[in-house]
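Notes to accompany the following structure.
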Amino acid sequence: MQEYPIKRGLTNDLEARVVAELRNCFGAEPQKTSNGYRITAGALKRLDVTINADGKSVIIDTESDITAPDESILDTNRRFRRYLDAITGFSTKERVKRAKSVGEA
């Protein structure tokens, strides 16, 4: 389980963007759960996305299919990174930099 902050200014339509980008990036229809959304796609048995109570971050929990072929794993990883870029507004490089600064504090 990992929490990802959302770039300032992108929190207004966060729930709609979470759903739209799940469809766009993974090509799967998200199911509404008690506290968020869930899909199954590629090498992921489960991808749960929950919007944090403050609305300024998302919590993502995944379960991988360890029997998936390598090309499926690589494709799913690429799609997941693209999904994070779209919903958080931060690139992979920016997310890593922010995670390091939070870890040092």
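Identifiers in this document derive from the order of the structure tokens: chains are assigned A, B, ..., residues are numbered from 1 separately in each chain, and ligands are numbered from 1 in order of occurrence.
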Which of chain A fall in helix (DSSP H, G or I), as a PyMOL selection string: chain A and resi 14-26+70-88+92-104
For range 52-61 of chain A, find every residue with an atom within 6 Å (counting only C-alpha atoms), except residues of its own chain fewer than 2 positions away, and show them as a short mmCIF file (atom, residue, chain, number, x, y, z; two decimals) with C-alpha atoms, in the first residue's frame.
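Generated file (out_4.cif):
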data_model
loop_
_atom_site.label_atom_id
_atom_site.label_comp_id
_atom_site.auth_asym_id
_atom_site.auth_seq_id
_atom_site.Cartn_x
_atom_site.Cartn_y
_atom_site.Cartn_z
CA MET A 1 0.00 0.00 0.00
CA GLN A 2 1.40 3.36 -1.05
CA GLU A 3 0.16 6.92 -0.68
CA TYR A 4 0.77 9.38 -3.53
CA PRO A 5 0.27 13.16 -3.11
CA ILE A 6 -1.72 15.03 -5.75
CA LEU A 47 -5.47 -2.60 -8.08
CA ASP A 48 -7.38 -0.63 -5.43
CA VAL A 49 -7.44 3.17 -5.53
CA THR A 50 -8.77 5.11 -2.54
#
Counting only C-alpha atoms, the option among A:Arg95, A:Leu44, A:Gln31, A:Cys25 closest to Asp65 in chain A: A:Leu44
Top pick for closest residue to Lys32 in chain A, considering A:Lys45, A:Asp13, A:Val18, A:Leu84 and counting only C-alpha atoms: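 Counting only C-alpha atoms, the residue closest to Lys32 in chain A is A:Val18.
Comparing A:Ala68, A:Tyr83, A:Lys7, A:Glu63 by their smallest distance to Gly27 in chain A, the closest is A:Tyr83 (using only C-alpha atoms).
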d(CA of Asn77 in chain A, CA of Arg8 in chain A) in Å: 25.4 Å
Backbone-only DSSP, strand (DSSP E or B) members of chain A, as a ChimeraX atom specification: /A:2-5,31-32,37-41,44-51,57-64
Export of the given selection (C-alpha atoms) as a compact mmCIF listing (two decimals), in the first residue's frame:
# COMPACT_ATOMS: atom_id res chain seq x y z
CA GLN A 2 1.40 3.36 -1.05
CA GLU A 3 0.16 6.92 -0.68
CA TYR A 4 0.77 9.38 -3.53
CA PRO A 5 0.27 13.16 -3.11
CA GLN A 31 -15.71 -1.38 -9.92
CA LYS A 32 -16.88 0.89 -7.10
CA TYR A 37 -12.30 1.75 -7.01
CA ARG A 38 -10.88 -1.62 -8.07
CA ILE A 39 -9.71 -3.14 -11.34
CA THR A 40 -8.00 -6.30 -12.52
CA ALA A 41 -5.68 -5.83 -15.48
CA LEU A 44 -2.32 -7.14 -11.54
CA LYS A 45 -4.76 -9.42 -9.76
CA ARG A 46 -6.03 -6.35 -7.97
CA LEU A 47 -5.47 -2.60 -8.08
CA ASP A 48 -7.38 -0.63 -5.43
CA VAL A 49 -7.44 3.17 -5.53
CA THR A 50 -8.77 5.11 -2.54
CA ILE A 51 -8.93 8.89 -2.27
CA SER A 57 -3.61 12.18 -2.00
CA VAL A 58 -4.55 8.73 -3.22
CA ILE A 59 -3.79 5.41 -1.58
CA ILE A 60 -3.04 2.60 -4.00
CA ASP A 61 -2.91 -1.06 -3.02
CA THR A 62 -1.92 -3.72 -5.54
CA GLU A 63 -1.69 -7.48 -5.70
CA SER A 64 0.46 -8.92 -8.49
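Distance-wise, CA of Arg23 in chain A and CA of Leu74 in chain A end up 18.6 Å apart.
Between CA of Val96 in chain A and CA of Ser72 in chain A there is a distance of 24.1 Å.
Taking only C-alpha atoms into account, Arg79 in chain A lies nearest to A:Ala43 out of the set A:Ala43, A:Leu10, A:Arg98, A:Arg17.
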